[in-house]
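Chemist: As input, take work_8.tsv (TSV, C-alpha atoms):
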chain	number	residue	atom	x	y	z
A	1	MET	CA	0.49	-19.72	-25.61
A	2	SER	CA	-1.55	-17.61	-23.24
A	3	GLU	CA	-4.73	-15.57	-23.10
A	4	GLU	CA	-4.99	-12.67	-25.56
A	5	ASP	CA	-2.45	-14.18	-27.93
A	6	GLU	CA	-3.42	-13.86	-31.59
A	7	VAL	CA	-4.05	-17.08	-33.50
A	8	ILE	CA	-4.70	-16.94	-37.25
A	9	PHE	CA	-5.75	-20.01	-39.20
A	10	TYR	CA	-5.29	-19.90	-42.97
A	11	ASN	CA	-7.07	-23.16	-43.64
A	12	TYR	CA	-10.33	-22.85	-45.55
A	13	ARG	CA	-11.81	-26.29	-44.78
A	14	ALA	CA	-13.65	-26.56	-41.49
A	15	ASP	CA	-13.62	-30.34	-41.09
A	16	ARG	CA	-9.93	-30.40	-40.18
A	17	GLU	CA	-9.84	-27.23	-38.11
A	18	ARG	CA	-12.86	-27.27	-35.84
A	19	GLN	CA	-11.27	-29.76	-33.40
A	20	ILE	CA	-8.23	-27.51	-32.87
A	21	GLU	CA	-10.45	-24.44	-32.61
A	22	GLU	CA	-12.62	-26.11	-29.99
A	23	GLU	CA	-9.56	-27.14	-27.99
A	24	LEU	CA	-8.25	-23.57	-27.95
A	25	LEU	CA	-11.49	-21.74	-27.26
A	26	GLU	CA	-13.65	-24.01	-25.12
A	27	ASP	CA	-13.10	-24.61	-21.39
A	28	THR	CA	-10.01	-26.75	-21.24
A	29	ASP	CA	-9.28	-29.65	-18.94
A	30	PRO	CA	-7.28	-28.38	-15.91
A	31	ASP	CA	-5.42	-31.67	-15.83
A	32	GLU	CA	-4.03	-30.93	-19.30
A	33	TYR	CA	-3.27	-27.19	-18.96
A	34	GLU	CA	-1.91	-25.17	-16.07
A	35	GLU	CA	-4.14	-22.25	-16.97
A	36	PRO	CA	-6.99	-21.68	-19.45
A	37	ILE	CA	-6.02	-20.84	-23.00
A	38	ASN	CA	-8.31	-18.27	-24.56
A	39	PRO	CA	-6.54	-16.63	-27.50
A	40	ASN	CA	-8.02	-14.24	-30.02
A	41	PHE	CA	-8.82	-16.67	-32.78
A	42	THR	CA	-9.32	-15.69	-36.45
A	43	GLY	CA	-9.94	-18.14	-39.26
A	44	MET	CA	-10.43	-17.72	-42.98
A	45	PHE	CA	-14.05	-18.87	-42.58
A	46	PRO	CA	-16.32	-19.75	-39.65
A	47	TYR	CA	-15.27	-23.27	-38.67
A	48	GLU	CA	-17.75	-24.00	-35.90
A	49	ARG	CA	-20.89	-22.27	-34.69
A	50	GLY	CA	-21.13	-21.16	-31.08
A	51	LEU	CA	-17.44	-20.42	-30.57
A	52	ASN	CA	-16.01	-16.99	-29.84
A	53	ALA	CA	-13.96	-16.65	-33.00
A	54	GLU	CA	-13.61	-14.16	-35.82
A	55	SER	CA	-13.37	-14.97	-39.51
A	56	VAL	CA	-11.96	-13.08	-42.48
A	57	PHE	CA	-14.71	-14.23	-44.84
A	58	LYS	CA	-18.30	-15.05	-44.07
A	59	LYS	CA	-19.67	-18.42	-44.99
A	60	LYS	CA	-21.54	-18.32	-48.28
A	61	VAL	CA	-24.93	-19.99	-48.34
A	62	VAL	CA	-25.12	-22.36	-51.29
A	63	GLU	CA	-28.67	-22.79	-52.51
A	64	ASN	CA	-30.30	-24.70	-55.35
A	65	THR	CA	-27.93	-27.64	-55.03
A	66	LEU	CA	-28.57	-30.68	-57.18
A	67	GLY	CA	-30.00	-32.66	-54.28
A	68	GLU	CA	-32.28	-29.77	-53.38
A	69	GLU	CA	-33.57	-29.45	-56.95
A	70	ILE	CA	-34.20	-33.20	-57.15
A	71	ALA	CA	-36.25	-33.07	-53.94
A	72	GLU	CA	-38.24	-30.02	-55.03
A	73	LYS	CA	-39.23	-31.81	-58.23
A	74	GLY	CA	-40.63	-34.65	-56.14
A	75	PHE	CA	-37.95	-37.15	-57.17
A	76	THR	CA	-36.18	-39.63	-54.90
A	77	GLN	CA	-32.45	-39.98	-54.31
A	78	LEU	CA	-29.97	-42.32	-52.67
A	79	ARG	CA	-26.57	-41.46	-51.18
A	80	VAL	CA	-24.10	-44.31	-50.67
A	81	ALA	CA	-20.59	-44.25	-49.18
A	82	GLU	CA	-18.28	-45.60	-46.52
A	83	SER	CA	-18.49	-43.77	-43.20
A	84	GLN	CA	-15.18	-42.01	-43.93
A	85	LYS	CA	-16.81	-40.29	-46.90
A	86	LYS	CA	-20.23	-39.69	-45.37
A	87	PRO	CA	-19.77	-35.88	-45.24
A	88	HIS	CA	-18.85	-35.78	-48.92
A	89	VAL	CA	-22.14	-37.28	-50.10
A	90	THR	CA	-24.21	-35.35	-47.56
A	91	TYR	CA	-22.84	-32.17	-45.95
A	92	PHE	CA	-20.55	-31.04	-48.79
A	93	PHE	CA	-22.88	-32.12	-51.59
A	94	ASN	CA	-25.74	-30.27	-49.90
A	95	GLY	CA	-23.89	-26.96	-49.94
A	96	GLN	CA	-22.17	-27.45	-46.56
A	97	ARG	CA	-25.52	-27.75	-44.83
A	98	GLU	CA	-26.44	-30.36	-42.25
A	99	LEU	CA	-29.81	-31.32	-43.70
A	100	LYS	CA	-31.60	-34.20	-45.34
A	101	PHE	CA	-34.04	-33.59	-48.17
A	102	GLU	CA	-37.47	-35.10	-48.64
A	103	GLY	CA	-37.16	-38.38	-50.54
A	104	GLU	CA	-33.45	-38.71	-49.74
A	105	GLU	CA	-32.23	-42.08	-48.46
A	106	ARG	CA	-28.75	-42.71	-47.12
A	107	LYS	CA	-26.82	-45.96	-46.80
A	108	PHE	CA	-23.36	-46.04	-45.23
A	109	ILE	CA	-20.91	-48.85	-44.59
A	110	GLU	CA	-18.68	-48.48	-41.55
A	111	SER	CA	-15.06	-48.04	-42.61
A	112	ASP	CA	-12.51	-50.43	-41.15
A	113	LYS	CA	-10.81	-49.45	-37.89
A	114	ILE	CA	-7.25	-49.97	-39.05
A	115	ARG	CA	-3.95	-48.12	-38.75
A	116	ALA	CA	-3.93	-47.03	-42.41
A	117	TYR	CA	-5.95	-48.00	-45.43
A	118	ASP	CA	-3.00	-49.52	-47.26
A	119	GLU	CA	-3.65	-52.52	-45.00
A	120	ARG	CA	-6.92	-53.15	-46.86
A	121	PRO	CA	-6.88	-51.14	-50.11
A	122	GLU	CA	-10.02	-52.86	-51.39
A	123	MET	CA	-11.92	-51.24	-48.51
A	124	HIS	CA	-15.69	-51.75	-49.01
A	125	ALA	CA	-15.94	-50.84	-52.68
A	126	GLU	CA	-17.63	-54.12	-53.59
A	127	GLU	CA	-20.33	-53.62	-50.96
A	128	ILE	CA	-20.88	-50.02	-52.10
A	129	ALA	CA	-21.38	-51.17	-55.69
A	130	GLN	CA	-23.71	-53.95	-54.57
A	131	ILE	CA	-25.97	-51.50	-52.73
A	132	VAL	CA	-26.24	-49.43	-55.90
A	133	ILE	CA	-26.90	-52.48	-58.09
A	134	GLU	CA	-29.71	-53.60	-55.79
A	135	ALA	CA	-31.17	-50.08	-55.85
A	136	LEU	CA	-31.09	-50.13	-59.65
A	137	ASP	CA	-32.92	-53.46	-59.63
A	138	GLN	CA	-35.63	-52.02	-57.40
A	139	GLU	CA	-36.11	-49.05	-59.76
A	140	GLU	CA	-37.29	-46.83	-56.90
A	141	LYS	CA	-34.65	-44.07	-56.99
A	142	ASN	CA	-34.50	-41.30	-59.59
A	143	PHE	CA	-30.96	-40.32	-58.63
A	144	ILE	CA	-28.14	-42.29	-57.02
A	145	MET	CA	-24.90	-40.78	-55.73
A	146	LEU	CA	-22.05	-42.97	-54.51
A	147	ASN	CA	-18.50	-42.47	-53.37
A	148	PHE	CA	-15.61	-44.91	-53.64
A	149	ALA	CA	-13.11	-43.85	-50.99
A	150	ASN	CA	-10.25	-46.14	-52.02
A	151	CYS	CA	-8.18	-43.96	-54.34
A	152	ASP	CA	-8.21	-40.98	-51.98
A	153	LEU	CA	-7.63	-42.66	-48.65
A	154	VAL	CA	-5.20	-45.31	-49.84
A	155	GLY	CA	-3.36	-42.82	-52.05
A	156	HIS	CA	-2.63	-40.65	-49.03
A	157	THR	CA	-0.65	-43.47	-47.42
A	158	GLY	CA	2.09	-43.19	-50.03
A	159	ASP	CA	2.10	-46.95	-50.60
A	160	LEU	CA	2.25	-47.31	-54.39
A	161	GLU	CA	1.42	-51.01	-54.52
A	162	ALA	CA	-1.60	-50.58	-52.25
A	163	THR	CA	-2.74	-47.54	-54.27
A	164	ILE	CA	-2.59	-49.55	-57.50
A	165	THR	CA	-4.74	-52.19	-55.86
A	166	ALA	CA	-7.18	-49.49	-54.73
A	167	VAL	CA	-7.46	-48.07	-58.26
A	168	GLU	CA	-7.92	-51.52	-59.79
A	169	THR	CA	-10.61	-52.30	-57.21
A	170	VAL	CA	-12.56	-49.16	-58.02
A	171	ASP	CA	-12.14	-49.83	-61.75
A	172	GLU	CA	-13.59	-53.31	-61.32
A	173	GLN	CA	-16.60	-52.04	-59.36
A	174	ILE	CA	-17.28	-49.25	-61.85
A	175	GLY	CA	-17.23	-51.99	-64.49
A	176	ARG	CA	-19.94	-53.86	-62.58
A	177	LEU	CA	-22.05	-50.72	-62.39
A	178	ARG	CA	-21.57	-50.01	-66.08
A	179	GLU	CA	-22.68	-53.52	-67.03
A	180	LYS	CA	-25.77	-53.14	-64.86
A	181	VAL	CA	-26.71	-49.76	-66.31
A	182	GLU	CA	-26.17	-51.00	-69.87
A	183	SER	CA	-28.39	-54.02	-69.23
A	184	ILE	CA	-31.13	-51.72	-67.94
A	185	GLU	CA	-30.76	-49.47	-70.98
A	186	SER	CA	-31.00	-52.52	-73.25
A	187	GLU	CA	-34.25	-53.54	-71.58
A	188	GLY	CA	-35.57	-50.02	-72.07
A	189	ILE	CA	-34.62	-50.07	-75.74
A	190	ARG	CA	-36.40	-53.40	-76.23
A	191	ASP	CA	-39.54	-52.02	-74.59
A	192	GLU	CA	-39.38	-48.92	-76.75
A	193	PHE	CA	-38.95	-51.02	-79.87
A	194	GLU	CA	-42.04	-53.07	-78.99
A	195	ASP	CA	-44.05	-49.86	-78.56
A	196	LEU	CA	-42.86	-48.64	-81.96
A	197	LYS	CA	-43.77	-51.96	-83.50
A	198	GLU	CA	-47.32	-51.77	-82.10
A	199	GLU	CA	-47.76	-48.22	-83.40
A	200	PHE	CA	-46.53	-49.27	-86.83
A	201	GLU	CA	-48.95	-52.20	-86.93
A	202	GLU	CA	-51.83	-49.95	-85.87
A	203	LEU	CA	-50.86	-47.46	-88.56
A	204	SER	CA	-50.80	-50.19	-91.21
A	205	GLU	CA	-54.25	-51.47	-90.17
A	206	LEU	CA	-55.75	-47.98	-90.35
A	207	GLU	CA	-54.25	-47.35	-93.78
A	208	ASN	CA	-55.63	-50.66	-95.05
A	209	GLU	CA	-59.03	-49.75	-93.62
A	210	LEU	CA	-58.96	-46.40	-95.40
A	211	ASP	CA	-57.88	-47.97	-98.71
A	212	SER	CA	-60.77	-50.43	-98.56
A	213	GLN	CA	-63.36	-47.63	-98.42
A	214	GLU	CA	-64.76	-45.99	-101.54
A	215	GLN	CA	-64.94	-42.56	-99.91
A	216	ASP	CA	-62.59	-40.50	-97.75
A	217	TYR	CA	-62.96	-40.37	-94.03
A	218	PRO	CA	-61.39	-37.11	-92.73
A	219	LYS	CA	-61.37	-38.27	-89.10
A	220	LEU	CA	-59.65	-41.50	-90.01
A	221	GLU	CA	-57.05	-39.67	-92.09
A	222	GLU	CA	-56.47	-37.24	-89.21
A	223	LYS	CA	-55.89	-40.16	-86.84
A	224	ILE	CA	-53.46	-41.74	-89.29
A	225	GLN	CA	-51.57	-38.49	-89.62
A	226	GLY	CA	-51.29	-38.17	-85.85
A	227	ILE	CA	-49.94	-41.71	-85.48
A	228	GLU	CA	-47.49	-41.12	-88.33
A	229	GLU	CA	-46.11	-38.00	-86.66
A	230	SER	CA	-45.82	-39.79	-83.31
A	231	PHE	CA	-44.15	-42.76	-84.95
A	232	GLU	CA	-41.62	-40.58	-86.78
A	233	GLU	CA	-40.70	-38.69	-83.60
A	234	ARG	CA	-40.25	-41.82	-81.53
A	235	PHE	CA	-38.37	-43.53	-84.35
A	236	GLU	CA	-35.91	-40.64	-84.50
A	237	ASP	CA	-35.49	-40.64	-80.70
A	238	PHE	CA	-34.93	-44.38	-80.76
A	239	PHE	CA	-31.88	-44.08	-83.03
A	240	ARG	CA	-30.61	-40.74	-81.71
For the file at hand, write its structure as structure tokens.
Modeler:
Amino acid sequence: MSEEDEVIFYNYRADRERQIEEELLEDTDPDEYEEPINPNFTGMFPYERGLNAESVFKKKVVENTLGEEIAEKGFTQLRVAESQKKPHVTYFFNGQRELKFEGEERKFIESDKIRAYDERPEMHAEEIAQIVIEALDQEEKNFIMLNFANCDLVGHTGDLEATITAVETVDEQIGRLREKVESIESEGIRDEFEDLKEEFEELSELENELDSQEQDYPKLEEKIQGIEESFEERFEDFFR
């Protein structure tokens, strides 16, 4: 390959192409190459800013992503993953933008430095789930996003036995998360039931008070009607 050669990349993902593009277009190490390589480079999309390369399609700006909407509403969010999947819960999820929203917290666990992930198919799924469980206990985050990397990274090794272990590991950790969420929902249902019970008792007291009077009290009846309507709505929501 020499200068002015035409190089066309048909890949559409930048994360696997930018390293090759940089090697071809940036100043190369004279110890590695006899002469600089500076081909005419064209990719399907812009892979890396600041490089002298053409692209067939322009990068589309993705706006109003879920994370962006959550931040604009003033809510908080947590992103959790192993370091191998950090871009997937940040860059990709944010519309391929390198930014961090207001109220967004990130927690990453360093992936193991091993030859291939079939050597440890469990990876750090248990730790990922534990971070989320602790966040649920703290009740400080309105939205939590997590990524279990096992099935993808272990599956790519082609080792069936290790992949089965990876899937079973993720299944077990999802089970832990489900149990936690269901326990939280149960607590919420109990609290809601107690609120309904208090409203019902208040309604009964007001009705008894009205029955004990010899004349009607419009304001009291209006209050009773309002509580009845509220009680009916919440009762329906409770069993919906």
Chemist: Within 6 Å of range 162-174 of chain A, counting only C-alpha atoms, which residues show up once you throw out same-chain ones fewer than 3 positions away? Write them as a list of chain:residue names, please.
Modeler: A:Asp118, A:Pro121, A:Glu122, A:Asn150, A:Cys151, A:Val154, A:Gly155, A:Asp159, A:Leu177
Chemist: For range 57-62 of chain A, list every protein, DNA or RNA residue within 6 Å, evaluated using all atoms listed in the file, and leave out those in the same chain fewer than 3 positions away; present the list as a ChimeraX atom specification.
Modeler: /A:44-45,95
Chemist: CA of Glu139 in chain A and CA of Arg178 in chain A are how many Å apart?
Modeler: 15.9 Å
Chemist: Can you work out the spacing between CA of Gly103 in chain A and CA of Ala129 in chain A in Å, to one decimal?
Modeler: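 The value is 21.0 Å.
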Chemist: When you draw a straight line from CA of Ala116 in chain A to CA of Leu160 in chain A, how long is it in Å?
Modeler: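 Answer for the CA of Ala116 in chain A to CA of Leu160 in chain A separation: 13.5 Å.
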Chemist: With distances taken over only C-alpha atoms, which of A:Tyr117, A:Thr42, A:Val89, A:Val181 is nearest to Gly158 in chain A?
Modeler: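 Between A:Tyr117, A:Thr42, A:Val89, A:Val181, the residue approaching Gly158 in chain A most closely is A:Tyr117.
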Chemist: May I ask which of the residues A:Ile109, A:Ile144, A:Ala71, A:Ile37 is the closest one to Ser2 in chain A, counting all atoms listed in the file?
Modeler: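 Using all atoms listed in the file, Ser2 in chain A sits closest to A:Ile37.
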Chemist: Could you check which of A:Ser111, A:Ser183, A:Gln96, A:Asn52 is closest to Ala14 in chain A, using all atoms listed in the file?
Modeler: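 Of the candidates, the smallest distance to Ala14 in chain A is held by A:Gln96.
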Chemist: Mind checking which residues fall within 12 Å of Lys73 in chain A, counting all atoms listed in the file, ignoring those fewer than 6 positions away in the same chain, and posting them as a PyMOL selection string?
Modeler: chain A and resi 64+66-67+101-103+142-143
Chemist: Which residue, A:Glu21, A:Glu104, A:Glu26, A:Glu54, has the smallest gap to Phe75 in chain A when you use all atoms listed in the file?
Modeler: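 Of A:Glu21, A:Glu104, A:Glu26, A:Glu54, the one nearest Phe75 in chain A is A:Glu104, counting all atoms listed in the file.
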Chemist: With all atoms listed in the file as the basis for distance, which of A:Arg120, A:Arg16, A:Arg97, A:Lys141 is at the shortest distance from Glu68 in chain A?
Modeler: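 Using all atoms listed in the file, Glu68 in chain A sits closest to A:Arg97.
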